[in-house]
Structures are given as structure tokens and as C-alpha cells.
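J.: Next comes entry.txt, compact mmCIF, C-alpha atoms and all ligand atoms:
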# COMPACT_ATOMS: atom_id res chain seq x y z
CA MET A 34 0.00 0.00 0.00
CA SER A 35 1.35 3.44 -0.82
CA GLU A 36 2.01 5.85 1.99
CA ALA A 37 -0.75 8.12 0.72
CA ARG A 38 -3.24 5.25 0.66
CA ARG A 39 -2.18 4.12 4.07
CA ARG A 40 -2.77 7.54 5.52
CA LYS A 41 -6.15 7.77 3.83
CA ALA A 42 -7.06 4.28 4.97
CA ALA A 43 -5.91 5.00 8.49
CA ALA A 44 -8.35 7.85 8.52
CA SER A 45 -11.35 5.56 7.89
CA PRO A 46 -13.01 3.91 10.89
CA LEU A 47 -13.17 0.62 9.00
CA ALA A 48 -9.42 0.65 8.35
CA SER A 49 -8.52 1.54 11.91
CA LEU A 50 -10.84 -1.19 13.19
CA LEU A 51 -9.12 -3.76 10.93
CA GLU A 52 -5.77 -2.48 12.11
CA ALA A 53 -6.74 -3.31 15.70
CA MET A 54 -7.46 -6.97 14.88
CA PRO A 55 -4.97 -9.71 15.68
CA PHE A 56 -5.22 -11.41 12.25
CA ALA A 57 -4.61 -10.47 8.65
CA GLN A 58 -7.84 -8.73 7.70
CA ALA A 59 -9.27 -7.05 4.66
CA ALA A 60 -12.61 -5.71 3.51
CA TYR A 61 -13.75 -6.22 -0.09
CA ALA A 62 -16.73 -4.37 -1.57
CA ALA A 63 -19.68 -6.75 -1.76
CA ALA A 64 -20.77 -5.16 -5.03
CA ASP A 65 -17.64 -5.49 -7.19
CA GLY A 66 -15.17 -7.33 -4.98
CA ARG A 67 -12.58 -4.53 -4.91
CA LEU A 68 -10.30 -4.16 -1.90
CA VAL A 69 -11.68 -1.36 0.29
CA ALA A 70 -9.40 -1.58 3.30
CA ALA A 71 -6.77 -3.88 4.73
CA ASN A 72 -4.62 -3.97 7.83
CA ALA A 73 -0.85 -4.13 7.90
CA ARG A 74 -0.90 -7.84 8.74
CA PHE A 75 -2.86 -8.45 5.55
CA GLU A 76 -0.43 -6.39 3.49
CA GLU A 77 2.41 -8.37 4.96
CA ALA A 78 0.81 -11.74 4.27
CA PHE A 79 -0.85 -11.13 0.90
CA GLY A 80 0.48 -7.82 -0.41
CA GLY A 81 3.08 -9.67 -2.47
CA LEU A 82 0.42 -11.80 -4.10
CA GLY A 83 -0.70 -10.64 -7.55
CA GLY A 84 -4.47 -10.22 -7.73
CA HIS A 85 -5.03 -9.55 -4.03
CA ALA A 86 -6.66 -6.21 -4.86
CA THR A 87 -9.91 -8.00 -5.70
CA ARG A 88 -11.67 -10.74 -3.75
CA GLN A 89 -11.77 -13.16 -6.67
CA GLY A 90 -8.19 -12.33 -7.59
CA LEU A 91 -7.04 -13.23 -4.10
CA LEU A 92 -9.03 -16.47 -4.04
CA ASP A 93 -7.65 -17.44 -7.45
CA ALA A 94 -4.09 -16.77 -6.34
CA LEU A 95 -4.37 -18.99 -3.25
CA ASP A 96 -3.99 -22.77 -3.36
CA ALA A 97 -6.98 -24.45 -1.77
CA ALA A 98 -6.22 -27.21 0.71
CA PRO A 99 -7.48 -30.61 -0.34
CA GLY A 100 -9.84 -31.92 2.31
CA ALA A 101 -9.73 -28.85 4.58
CA GLU A 102 -12.63 -26.52 3.88
CA GLY A 103 -11.71 -22.86 4.10
CA GLU A 104 -7.96 -23.40 4.35
CA ALA A 105 -5.61 -22.16 1.68
CA ARG A 106 -1.93 -21.65 1.04
CA ALA A 107 -0.28 -18.46 -0.13
CA PRO A 108 2.01 -19.75 -2.88
CA HIS A 109 4.57 -16.94 -2.54
CA THR A 110 5.27 -17.56 1.17
CA ARG A 111 4.03 -21.18 1.35
CA ARG A 112 2.13 -20.35 4.53
CA TRP A 113 -1.30 -21.77 5.28
CA TYR A 114 -4.32 -19.72 6.34
CA ALA A 115 -7.78 -20.48 7.62
CA LEU A 116 -10.06 -18.06 5.78
CA HIS A 117 -13.20 -16.68 7.48
CA TRP A 118 -15.61 -14.42 5.68
CA GLY A 119 -18.18 -12.12 7.28
CA GLU A 120 -20.36 -9.29 5.97
CA ALA A 121 -20.72 -5.79 7.33
CA GLU A 122 -22.41 -2.54 6.39
CA VAL A 123 -19.97 0.36 6.75
CA ALA A 124 -19.58 3.89 5.49
CA GLU A 125 -17.92 2.55 2.32
CA GLY A 126 -21.01 0.40 1.63
CA ARG A 127 -21.56 -3.33 2.07
CA VAL A 128 -18.26 -5.20 2.50
CA ARG A 129 -17.09 -8.75 2.88
CA VAL A 130 -14.55 -8.94 5.64
CA LEU A 131 -11.83 -11.53 5.42
CA SER A 132 -9.96 -12.80 8.47
CA ALA A 133 -6.98 -14.94 7.51
CA ILE A 134 -5.54 -16.90 10.42
CA ASP A 135 -2.11 -18.39 9.97
CA VAL A 136 -2.44 -22.15 10.60
CA SER A 137 0.91 -23.24 9.12
CA GLU A 138 2.28 -24.55 12.40
CA ARG A 139 -0.81 -26.55 13.19
CA ARG A 140 -0.82 -28.04 9.70
CA GLU A 141 2.85 -28.92 9.90
CA ALA A 142 2.36 -30.57 13.27
CA LEU A 143 -0.56 -32.53 11.88
CA ALA A 144 1.38 -33.65 8.82
CA LEU A 145 4.32 -34.68 10.97
CA HIS A 146 2.03 -36.59 13.28
CA ARG A 147 0.44 -38.35 10.32
CA ARG A 148 3.82 -39.30 8.87
CA GLN A 149 4.99 -40.69 12.20
CA GLN A 150 1.75 -42.60 12.56
CA GLU A 151 2.14 -44.14 9.13
CA LYS A 152 5.72 -45.08 9.79
CA LEU A 153 4.79 -46.65 13.08
CA LEU A 154 1.99 -48.61 11.46
CA SER A 155 4.20 -49.90 8.70
CA THR A 156 6.94 -50.80 11.17
CA SER A 157 4.58 -52.68 13.45
CA ARG A 158 3.06 -54.42 10.45
CA MET A 159 6.50 -55.34 9.27
CA MET A 160 7.53 -56.58 12.71
CA SER A 161 4.57 -58.88 13.18
CA VAL A 162 4.87 -60.18 9.64
CA GLY A 163 8.62 -60.51 10.14
CA GLU A 164 8.32 -62.48 13.35
CA MET A 165 5.69 -64.74 11.93
CA ALA A 166 7.73 -65.24 8.81
CA ALA A 167 10.83 -66.09 10.82
CA THR A 168 8.97 -68.75 12.78
CA LEU A 169 7.39 -70.22 9.67
CA ALA A 170 10.67 -70.16 7.82
CA HIS A 171 12.35 -72.00 10.63
CA GLU A 172 9.64 -74.65 10.87
CA LEU A 173 9.29 -75.23 7.15
CA ASN A 174 12.89 -75.31 6.14
CA GLN A 175 13.61 -78.88 7.21
CA PRO A 176 10.54 -80.59 5.74
CA LEU A 177 11.00 -78.73 2.48
CA ALA A 178 14.59 -79.83 2.13
CA ALA A 179 13.43 -83.39 2.82
CA ILE A 180 10.70 -83.13 0.17
CA VAL A 181 13.22 -81.98 -2.43
CA ASN A 182 15.49 -84.89 -1.50
CA TYR A 183 12.70 -87.43 -1.76
CA LEU A 184 11.63 -86.00 -5.10
CA ASN A 185 15.18 -86.18 -6.43
CA GLY A 186 15.39 -89.77 -5.24
CA SER A 187 12.08 -90.62 -6.89
CA LEU A 188 13.17 -88.95 -10.12
CA ARG A 189 16.36 -91.07 -10.14
CA LEU A 190 14.33 -94.24 -9.58
CA VAL A 191 11.85 -93.38 -12.32
CA GLY A 192 14.77 -92.58 -14.61
CA GLN A 193 16.50 -95.89 -13.91
CA ALA A 194 13.29 -97.87 -14.36
CA GLY A 195 12.40 -95.95 -17.53
CA GLY A 196 9.13 -95.16 -15.74
CA PRO A 197 6.10 -93.35 -17.16
CA ALA A 198 6.80 -89.90 -18.57
CA GLN A 199 3.74 -88.42 -16.80
CA VAL A 200 5.12 -89.42 -13.43
CA GLU A 201 8.44 -87.90 -14.27
CA ARG A 202 6.78 -84.64 -15.35
CA ALA A 203 4.72 -84.53 -12.17
CA LEU A 204 7.83 -85.10 -10.06
CA VAL A 205 9.71 -82.34 -11.86
CA ALA A 206 6.75 -79.98 -11.34
CA ALA A 207 6.56 -80.90 -7.65
CA ARG A 208 10.27 -80.28 -7.26
CA LEU A 209 9.91 -76.86 -8.90
CA GLN A 210 7.23 -75.94 -6.35
CA ALA A 211 9.29 -77.17 -3.43
CA GLU A 212 12.36 -75.34 -4.68
CA HIS A 213 10.37 -72.16 -5.01
CA ALA A 214 9.09 -72.55 -1.47
CA SER A 215 12.66 -73.08 -0.26
CA ALA A 216 13.85 -70.01 -2.13
CA VAL A 217 11.07 -67.95 -0.55
CA ILE A 218 11.99 -69.20 2.87
CA ALA A 219 15.68 -68.62 2.35
CA ARG A 220 14.93 -65.05 1.28
CA VAL A 221 12.57 -64.52 4.19
CA ARG A 222 15.23 -65.62 6.66
CA GLU A 223 17.81 -63.43 5.04
CA PHE A 224 15.34 -60.56 4.90
CA VAL A 225 14.29 -60.86 8.51
CA ARG A 226 17.93 -60.89 9.51
CA ALA A 227 19.05 -58.06 7.27
CA ARG A 228 15.69 -56.24 7.10
CA GLU A 229 16.57 -55.26 3.62
CA PRO A 230 15.58 -56.63 0.25
CA LYS A 231 18.34 -57.78 -2.06
CA ARG A 232 17.67 -55.78 -5.14
CA ASP A 233 18.79 -56.15 -8.73
CA ALA A 234 17.50 -55.45 -12.22
CA HIS A 235 14.86 -57.99 -13.22
CA THR A 236 12.36 -58.10 -16.07
CA VAL A 237 8.66 -58.37 -15.34
CA ALA A 238 8.54 -61.02 -18.07
CA ASP A 239 10.83 -63.30 -16.02
CA ILE A 240 9.00 -62.68 -12.78
CA ALA A 241 5.53 -63.15 -14.27
CA GLY A 242 6.71 -66.16 -16.27
CA ASN A 243 7.90 -67.93 -13.12
CA VAL A 244 4.72 -67.12 -11.24
CA ILE A 245 2.47 -68.35 -14.02
CA GLU A 246 4.48 -71.56 -14.20
CA LEU A 247 4.10 -72.07 -10.45
CA LEU A 248 0.32 -71.59 -10.67
CA ARG A 249 -0.23 -73.53 -13.89
CA LEU A 250 -1.83 -76.49 -12.14
CA GLU A 251 -4.23 -74.38 -10.09
CA ALA A 252 -5.23 -72.42 -13.16
CA GLU A 253 -5.81 -75.58 -15.17
CA ARG A 254 -7.98 -76.97 -12.41
CA LEU A 255 -10.32 -74.01 -12.92
CA SER A 256 -9.89 -74.14 -16.73
CA LEU A 257 -8.33 -70.72 -16.62
CA ARG A 258 -5.74 -69.31 -18.88
CA ILE A 259 -3.57 -66.60 -17.40
CA GLU A 260 -3.12 -63.95 -20.05
CA LEU A 261 0.08 -61.98 -19.90
CA ALA A 262 0.10 -58.54 -21.54
CA LEU A 263 3.37 -56.66 -21.13
CA ALA A 264 3.86 -53.27 -22.73
CA PRO A 265 6.62 -53.28 -25.37
CA ASP A 266 10.00 -51.99 -24.17
CA LEU A 267 9.02 -52.31 -20.53
CA PRO A 268 12.10 -51.36 -18.49
CA ALA A 269 13.56 -53.79 -15.96
CA VAL A 270 12.50 -53.24 -12.35
CA TRP A 271 14.78 -52.65 -9.36
CA ALA A 272 13.61 -55.38 -7.04
CA ASP A 273 14.22 -58.48 -5.01
CA ARG A 274 13.09 -61.10 -7.50
CA VAL A 275 11.92 -63.77 -5.06
CA MET A 276 9.99 -61.24 -3.00
CA ILE A 277 8.23 -59.73 -5.99
CA GLU A 278 7.44 -63.20 -7.28
CA GLN A 279 5.84 -63.80 -3.91
CA VAL A 280 3.75 -60.65 -4.25
CA LEU A 281 2.58 -61.51 -7.74
CA LEU A 282 1.97 -65.11 -6.72
CA ASN A 283 -0.26 -63.96 -3.87
CA LEU A 284 -2.20 -61.58 -6.08
CA VAL A 285 -2.69 -64.08 -8.90
CA LYS A 286 -3.68 -66.76 -6.37
CA ASN A 287 -6.25 -64.42 -4.86
CA ALA A 288 -7.55 -63.69 -8.36
CA ILE A 289 -7.86 -67.41 -9.11
CA GLU A 290 -9.56 -68.03 -5.78
CA ALA A 291 -11.95 -65.13 -6.36
CA MET A 292 -13.24 -66.89 -9.48
CA ARG A 293 -13.89 -70.31 -7.93
CA GLU A 294 -17.65 -69.71 -7.93
CA VAL A 295 -17.77 -67.95 -11.29
CA PRO A 296 -19.02 -70.00 -14.29
CA ALA A 297 -16.06 -71.32 -16.29
CA GLY A 298 -16.87 -69.29 -19.39
CA GLU A 299 -16.70 -66.01 -17.47
CA ARG A 300 -13.37 -66.61 -15.74
CA GLU A 301 -10.76 -64.28 -17.04
CA LEU A 302 -7.40 -63.49 -15.53
CA ARG A 303 -4.95 -61.01 -16.94
CA VAL A 304 -1.54 -59.88 -15.76
CA GLN A 305 -0.61 -56.55 -17.29
CA ALA A 306 2.40 -54.33 -16.96
CA ARG A 307 3.23 -50.91 -18.28
CA VAL A 308 5.11 -47.76 -17.37
CA ASP A 309 2.96 -45.29 -15.43
CA LEU A 310 3.01 -41.50 -15.61
CA ASP A 311 5.73 -41.26 -12.97
CA GLY A 312 8.03 -43.55 -14.95
CA GLU A 313 7.51 -46.42 -12.52
CA VAL A 314 6.61 -49.90 -13.67
CA GLU A 315 3.02 -50.78 -12.85
CA VAL A 316 1.91 -54.40 -12.66
CA LEU A 317 -1.83 -55.19 -12.59
CA VAL A 318 -3.71 -58.42 -11.89
CA LEU A 319 -7.27 -58.35 -13.22
CA ASP A 320 -9.92 -60.93 -12.44
CA ARG A 321 -13.63 -61.46 -13.02
CA GLY A 322 -14.42 -62.58 -9.49
CA SER A 323 -17.11 -61.21 -7.22
CA GLY A 324 -15.02 -58.19 -6.25
CA PHE A 325 -15.34 -56.98 -2.66
CA SER A 326 -17.89 -55.07 -0.61
CA ASP A 327 -17.24 -51.68 0.99
CA ALA A 328 -16.94 -53.36 4.39
CA GLU A 329 -14.37 -55.80 3.00
CA ARG A 330 -12.53 -52.99 1.23
CA GLU A 331 -11.64 -51.52 4.65
CA GLN A 332 -10.16 -54.75 5.91
CA LEU A 333 -8.51 -56.40 2.93
CA PHE A 334 -5.03 -55.56 4.16
CA SER A 335 -5.54 -56.33 7.83
CA PRO A 336 -3.46 -59.32 8.86
CA PHE A 337 -5.64 -62.42 9.32
CA PHE A 338 -8.65 -60.97 7.52
CA THR A 339 -9.95 -63.68 5.23
CA THR A 340 -13.27 -64.70 3.69
CA LYS A 341 -11.91 -68.13 2.77
CA SER A 342 -12.29 -71.33 4.75
CA ASP A 343 -8.73 -72.26 3.81
CA GLY A 344 -7.21 -68.77 3.99
CA LEU A 345 -4.74 -67.40 6.49
CA GLY A 346 -5.50 -63.82 5.57
CA ILE A 347 -1.90 -62.69 5.46
CA GLY A 348 -1.32 -62.71 1.70
CA LEU A 349 -2.15 -59.07 1.08
CA SER A 350 -0.51 -57.73 4.22
CA ILE A 351 2.74 -59.45 3.26
CA CYS A 352 2.39 -58.06 -0.28
CA ARG A 353 1.98 -54.57 1.09
CA SER A 354 5.00 -54.79 3.36
CA ILE A 355 7.15 -56.06 0.53
CA ILE A 356 6.01 -53.37 -1.89
CA GLU A 357 6.51 -50.68 0.76
CA TYR A 358 10.06 -51.91 1.19
CA HIS A 359 10.52 -51.42 -2.52
CA GLU A 360 9.21 -47.85 -2.28
CA GLY A 361 6.29 -48.85 -4.43
CA ARG A 362 2.53 -48.60 -4.02
CA LEU A 363 0.04 -51.43 -3.68
CA PHE A 364 -3.49 -50.56 -4.73
CA PHE A 365 -6.79 -52.09 -5.71
CA GLU A 366 -10.05 -51.09 -7.30
CA GLY A 367 -13.18 -52.58 -8.75
CA ARG A 368 -12.84 -53.74 -12.34
CA GLU A 369 -15.12 -52.32 -14.96
CA GLY A 370 -17.59 -55.01 -15.97
CA GLY A 371 -17.11 -56.95 -12.71
CA GLY A 372 -14.22 -58.34 -10.70
CA SER A 373 -11.25 -56.57 -9.22
CA VAL A 374 -7.87 -55.17 -10.07
CA PHE A 375 -4.92 -55.43 -7.69
CA GLY A 376 -1.75 -53.71 -8.71
CA PHE A 377 1.60 -52.45 -7.54
CA THR A 378 4.35 -50.20 -8.74
CA LEU A 379 8.09 -50.72 -8.68
CA PRO A 380 10.91 -48.37 -9.53
CA SER A 381 12.51 -48.95 -12.88
CA ALA A 382 16.08 -50.27 -12.68
CA ALA A 383 17.41 -47.77 -15.23
CA ASN A 384 18.43 -45.09 -12.75
CA ARG A 385 19.09 -47.26 -9.70
CA ALA A 386 21.76 -49.87 -10.37
N1 LIG B 401 -8.95 -60.64 -6.25
C1 LIG B 401 -9.78 -60.57 -5.21
N2 LIG B 401 -11.13 -60.47 -5.40
C2 LIG B 401 -11.97 -60.40 -4.35
N3 LIG B 401 -11.59 -60.44 -3.06
C3 LIG B 401 -10.27 -60.54 -2.80
C4 LIG B 401 -9.30 -60.61 -3.85
N4 LIG B 401 -8.09 -60.67 -3.27
C5 LIG B 401 -8.29 -60.68 -1.94
N5 LIG B 401 -9.59 -60.60 -1.66
C6 LIG B 401 -10.19 -60.59 -0.31
O1 LIG B 401 -9.21 -60.21 0.62
C7 LIG B 401 -9.06 -61.19 1.63
C8 LIG B 401 -7.66 -61.21 2.14
O2 LIG B 401 -6.76 -61.65 1.12
P1 LIG B 401 -5.36 -62.26 1.55
O3 LIG B 401 -4.62 -62.66 0.35
O4 LIG B 401 -4.71 -61.28 2.48
O5 LIG B 401 -5.76 -63.50 2.43
P2 LIG B 401 -6.40 -64.87 1.91
O6 LIG B 401 -6.25 -64.99 0.44
O7 LIG B 401 -7.77 -64.95 2.46
O8 LIG B 401 -5.47 -65.92 2.64
P3 LIG B 401 -3.91 -66.22 2.34
O9 LIG B 401 -3.20 -65.79 3.57
O10 LIG B 401 -3.87 -67.67 2.11
O11 LIG B 401 -3.52 -65.42 1.15
C9 LIG B 401 -9.53 -62.48 0.97
O12 LIG B 401 -9.97 -63.44 1.90
C10 LIG B 401 -10.67 -61.97 0.09
O13 LIG B 401 -11.85 -61.80 0.83
MG MG B 402 -4.39 -64.69 -0.52
Since I need it in another form, could you write the structure as C-alpha cells?
T.:
Amino acid sequence: MSEARRRKAAASPLASLLEAMPFAQAAYAAADGRLVAANARFEEAFGGLGGHATRQGLLDALDAAPGAEGEARAPHTRRWYALHWGEAEVAEGRVRVLSAIDVSERREALALHRRQQEKLLSTSRMMSVGEMAATLAHELNQPLAAIVNYLNGSLRLVGQAGGPAQVERALVAARLQAEHASAVIARVREFVRAREPKRDAHTVADIAGNVIELLRLEAERLSLRIELALAPDLPAVWADRVMIEQVLLNLVKNAIEAMREVPAGERELRVQARVDLDGEVEVLVLDRGSGFSDAEREQLFSPFFTTKSDGLGIGLSICRSIIEYHEGRLFFEGREGGGSVFGFTLPSAANRA
């Protein structure tokens, strides 16, 4: 405000009243929205903001807060204000009086609190999953090694006897499953110890290929074909291969299980991958199952939430922990035309290795 204007404004009762207020305050004409008077606090907070000389101009220049009605940020100072509007009849005519209360500190404290809360949640999730995983890994390691040994022995016997090819194929498939389980367990133990994934560049094609192979039998049982649609020139991802295989395995298994009750002709399972707008690799699993209700939606990721008689209810919570460790996002939504979509993102390996 120019010195002349300030002196003139100071002369008006409205201006001197605003000056006495503890917040940034301004009066805009109700008729045309022009600034009639403002106190020094207002000039200090918004004077540097182009457009503040009209009500609409000021509102346009501020960034509205998502989710907080009446709060806005001044982009030039990055401070947050709660905006209150009131009307008054004064000598200058009808005015709309703005009180702008600086709430930056409160917002910062809130945001900090939220971040700490989220971190705590993810840590406690990770700890319970980690402990459980460590126990399971310990208990399962021995029997799995024995299974692989027995299968190798059986394969040798079948080979020596020139036994039926189907049996041999079944034994090889069983060994593949057992070896995968062992690899998962070995990684879990290492992970629980080191608390850090072992990351490298891997292609989604390899990861998805392995997973589909591991689930071939289950898919065949439901006469399902798992369609794989990978975008051309998909970059490699920066990830722990076994862990991401575990995530995809869980998601595809859930998708298969969601379609148990669906007529065979309507079962449809797709695994898709592409680069998203942020340059991350996005992997989606789409099914034509029954989807989930709003009540279920809230609970899907809670450990031990399951709607299956044979479910443990930890699949998705493990998936989320793993993806969080990879700085990715796990998300889900209803699928157009019925069913659901579960997906996750992973950083591309290009700028990481
Ligand atoms: N693709 C899907 N379609 C519909 N509901 C799903 C889907 N995936 C998961 N859900 C729901 O989320 C619940 C939790 O899934 P989650 O994978 O965590 O556990 P689970 O599959 O029940 O058991 P498990 O621990 O053996 O994986 C499921 O019981 C199911 O109700
Ligand atoms: Mg599951």
C-alpha cells in the first residue's frame, strides 16, 4: 500500500478497526469485490500476491487445501491460512470482511504426526509379519529340504526304471514348487535378519513367467488361462526377485480363488504391466471374481482378515509390506464389468543400479 493510501485508509473507521485486529484482515466491496481496506498484517501476508486487490483475484491466487474446507496456502510464502468471511455494512457500503488466520504450524504438526503414525503402522506391520515369517521359515525349512530330496530320489528311480513320462513330469513340477518354497523361505530368513531386500535389475517377463508356471496347475484346475500382456520396451525393475514373485503369486492366487464360484466361461485373468506417468513400472492383476464389498474394502489388508475357509489372511498384508520396502505402491479397485484389479508399482532399474 502506498504511503498516501495508508494515511487515507488509516483515517477511515473501517481501516482503523481492521488495524486493531490480531489477524490479517481485509474488507472487499460486496458489489464489485474490490479491496476497500486492509490492515498491515494483511499487506504483509498477501500484499506480495498478484491479484489480491480483488476478492476473486485473491481467491484465485491462493492454493486451496485438499480436504480442509476454508484453508488455503499463499504460494509466494508457502504459509497456510484459515479463511473466514463475514459481511458488514460500513460507510464505504456493504463489505465482505476476510480474516486470515495463519495455521501453518498446526498443519505442519498434523502432517508430521500423520507421517509418524504411518511409519509406526508400517513398522509394526513389518515386525509382526517378520516375526511370523521367521517362525514359519524356521519350521518349514527342514521338511522342504526333505521333500526336495525325496523327489530327487524318486526322479532317479523313475529314470532308472524308464518309468512313465507323466510321473516324471509330475515329479519335476513338484520339485519346482518345493524349490520355489525353499527359495522364498531362504529369502525370508535373510530378509528378517538383514531387514533389507536384495535388489537387482529384473524383467517383469521373467518374474511373471515364473509365477504363471508355479500356478499352472491351479489355473488348469479351474480351466483358466492366465493372459500376460506386457507393454513393449518395458524397463527392468529394481527389485528383489523372489519377493516380488511372492507378491505376484499372492495376487494371482487371490484372483484365481476369487473366481472359484464364477461360471467357467466367465473366468478371465490377466496380468498386465506398463510404465505409469511417474516412470515407474506398474503391474496389474485383473480378475472377473465377485469383487469386494465396501466393508471388505476396509479390511482387505488387515493381517488375518480372510473370507476363505482355507485362507490365512496374510497374503495381502505381506504383499503390502514387501512393496513398501521397494518404495512402491500397492493398490486395488473394482474392475469395470465386474471383478477386481490389484496392482503395484516398482521403480525402474534404469536409474538405480
Ligand atoms: N482378487 C480378489 N477379489 C476379491 N476379493 C479378494 C481378492 N483378493 C483378496 N480378496 C479378499 O481379501 C481377503 C484377504 O486376502 P489375503 O490374500 O490377504 O488373504 P487370503 O487370500 O484370504 O489368505 P492367504 O493368507 O492364504 O492369502 C480375501 O480373503 C478376500 O476376501
Ligand atoms: Mg491370498
J.: Return as number ranges by chain the residues of protein, DNA or RNA that approach ligand MG 402 (chain B) to within 8 Å, with all atoms listed in the file taken into account.
T.: A: 283-284, 286-287, 344-349
J.: Using all atoms listed in the file, find the one residue out of A:Ile277, A:Val295, A:Val308, A:Ile289 that sits nearest to A:Val217.
T.: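 The closest residue to A:Val217 is A:Ile277.
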J.: Which residues form the shell of 10 Å around ligand LIG 401 (chain B) when you count all atoms listed in the file, given as a ChimeraX atom specification?
T.: /A:280,282-292,302,318-326,329-353,365-368,372-375
J.: Considering only C-alpha atoms, state which residue in the set A:Gly371, A:Pro380, A:Ile355, A:His171 is at the smallest distance from A:Leu267.
T.: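 Looking only at the distances to A:Leu267, the closest residue turns out to be A:Pro380.
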J.: Quick one: residues within 8 Å of (-8.2, -0.2, -8.0) (file frame), counting only C-alpha atoms, please, as a PyMOL selection string.
T.: chain A and resi 67-68+86
J.: Hey, can you check how far atom CA of A:Leu92 sits from atom CA of A:Ala48?
T.: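 Between atom CA of A:Leu92 and atom CA of A:Ala48 the gap works out to 21.1 Å.
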J.: Since the input lacks some atoms of stretch 183-191 of chain A, please model all heavy atoms and print them as a PDB file, in the coordinates of the input.
T.:
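Output below, filename part04.pdb:
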ATOM      1  N   TYR A 183      13.541 -86.286  -1.366  1.00  0.00           N
ATOM      2  CA  TYR A 183      12.700 -87.430  -1.760  1.00  0.00           C
ATOM      3  C   TYR A 183      12.339 -87.363  -3.236  1.00  0.00           C
ATOM      4  O   TYR A 183      12.349 -88.364  -3.943  1.00  0.00           O
ATOM      5  CB  TYR A 183      11.411 -87.454  -0.924  1.00  0.00           C
ATOM      6  CG  TYR A 183      11.607 -88.030   0.459  1.00  0.00           C
ATOM      7  CD1 TYR A 183      11.242 -87.317   1.583  1.00  0.00           C
ATOM      8  CD2 TYR A 183      12.152 -89.313   0.633  1.00  0.00           C
ATOM      9  CE1 TYR A 183      11.416 -87.820   2.857  1.00  0.00           C
ATOM     10  CE2 TYR A 183      12.337 -89.825   1.916  1.00  0.00           C
ATOM     11  CZ  TYR A 183      11.970 -89.084   3.024  1.00  0.00           C
ATOM     12  OH  TYR A 183      12.150 -89.599   4.269  1.00  0.00           O
ATOM     13  N   LEU A 184      12.011 -86.150  -3.690  1.00  0.00           N
ATOM     14  CA  LEU A 184      11.630 -86.000  -5.100  1.00  0.00           C
ATOM     15  C   LEU A 184      12.806 -86.322  -6.009  1.00  0.00           C
ATOM     16  O   LEU A 184      12.655 -87.004  -7.027  1.00  0.00           O
ATOM     17  CB  LEU A 184      11.113 -84.584  -5.364  1.00  0.00           C
ATOM     18  CG  LEU A 184       9.723 -84.302  -4.782  1.00  0.00           C
ATOM     19  CD1 LEU A 184       9.400 -82.811  -4.869  1.00  0.00           C
ATOM     20  CD2 LEU A 184       8.664 -85.118  -5.517  1.00  0.00           C
ATOM     21  N   ASN A 185      13.995 -85.855  -5.623  1.00  0.00           N
ATOM     22  CA  ASN A 185      15.180 -86.180  -6.430  1.00  0.00           C
ATOM     23  C   ASN A 185      15.403 -87.680  -6.470  1.00  0.00           C
ATOM     24  O   ASN A 185      15.694 -88.247  -7.529  1.00  0.00           O
ATOM     25  CB  ASN A 185      16.408 -85.468  -5.858  1.00  0.00           C
ATOM     26  CG  ASN A 185      16.442 -84.009  -6.290  1.00  0.00           C
ATOM     27  OD1 ASN A 185      15.903 -83.670  -7.352  1.00  0.00           O
ATOM     28  ND2 ASN A 185      17.035 -83.160  -5.473  1.00  0.00           N
ATOM     29  N   GLY A 186      15.236 -88.316  -5.302  1.00  0.00           N
ATOM     30  CA  GLY A 186      15.390 -89.770  -5.240  1.00  0.00           C
ATOM     31  C   GLY A 186      14.381 -90.466  -6.153  1.00  0.00           C
ATOM     32  O   GLY A 186      14.739 -91.351  -6.938  1.00  0.00           O
ATOM     33  N   SER A 187      13.128 -90.024  -6.068  1.00  0.00           N
ATOM     34  CA  SER A 187      12.080 -90.620  -6.890  1.00  0.00           C
ATOM     35  C   SER A 187      12.380 -90.438  -8.369  1.00  0.00           C
ATOM     36  O   SER A 187      12.194 -91.341  -9.186  1.00  0.00           O
ATOM     37  CB  SER A 187      10.729 -90.000  -6.571  1.00  0.00           C
ATOM     38  OG  SER A 187      10.481 -90.068  -5.193  1.00  0.00           O
ATOM     39  N   LEU A 188      12.864 -89.218  -8.706  1.00  0.00           N
ATOM     40  CA  LEU A 188      13.170 -88.950 -10.120  1.00  0.00           C
ATOM     41  C   LEU A 188      14.271 -89.887 -10.606  1.00  0.00           C
ATOM     42  O   LEU A 188      14.224 -90.395 -11.729  1.00  0.00           O
ATOM     43  CB  LEU A 188      13.629 -87.500 -10.281  1.00  0.00           C
ATOM     44  CG  LEU A 188      12.510 -86.521 -10.620  1.00  0.00           C
ATOM     45  CD1 LEU A 188      13.002 -85.091 -10.467  1.00  0.00           C
ATOM     46  CD2 LEU A 188      12.001 -86.760 -12.042  1.00  0.00           C
ATOM     47  N   ARG A 189      15.277 -90.145  -9.758  1.00  0.00           N
ATOM     48  CA  ARG A 189      16.360 -91.070 -10.140  1.00  0.00           C
ATOM     49  C   ARG A 189      15.788 -92.458 -10.376  1.00  0.00           C
ATOM     50  O   ARG A 189      16.083 -93.090 -11.387  1.00  0.00           O
ATOM     51  CB  ARG A 189      17.419 -91.104  -9.036  1.00  0.00           C
ATOM     52  CG  ARG A 189      18.666 -90.304  -9.379  1.00  0.00           C
ATOM     53  CD  ARG A 189      19.837 -90.657  -8.487  1.00  0.00           C
ATOM     54  NE  ARG A 189      19.504 -90.737  -7.067  1.00  0.00           N
ATOM     55  CZ  ARG A 189      19.425 -89.678  -6.263  1.00  0.00           C
ATOM     56  NH1 ARG A 189      19.669 -88.456  -6.736  1.00  0.00           N
ATOM     57  NH2 ARG A 189      19.102 -89.822  -4.989  1.00  0.00           N
ATOM     58  N   LEU A 190      14.917 -92.897  -9.447  1.00  0.00           N
ATOM     59  CA  LEU A 190      14.330 -94.240  -9.580  1.00  0.00           C
ATOM     60  C   LEU A 190      13.521 -94.361 -10.856  1.00  0.00           C
ATOM     61  O   LEU A 190      13.638 -95.326 -11.603  1.00  0.00           O
ATOM     62  CB  LEU A 190      13.445 -94.544  -8.366  1.00  0.00           C
ATOM     63  CG  LEU A 190      14.190 -94.770  -7.054  1.00  0.00           C
ATOM     64  CD1 LEU A 190      13.205 -94.983  -5.906  1.00  0.00           C
ATOM     65  CD2 LEU A 190      15.126 -95.973  -7.183  1.00  0.00           C
ATOM     66  N   VAL A 191      12.683 -93.354 -11.106  1.00  0.00           N
ATOM     67  CA  VAL A 191      11.850 -93.380 -12.320  1.00  0.00           C
ATOM     68  C   VAL A 191      12.745 -93.399 -13.545  1.00  0.00           C
ATOM     69  O   VAL A 191      12.502 -94.116 -14.506  1.00  0.00           O
ATOM     70  CB  VAL A 191      10.893 -92.172 -12.349  1.00  0.00           C
ATOM     71  CG1 VAL A 191      10.202 -92.065 -13.692  1.00  0.00           C
ATOM     72  CG2 VAL A 191       9.863 -92.289 -11.240  1.00  0.00           C
TER      73      VAL A 191
END
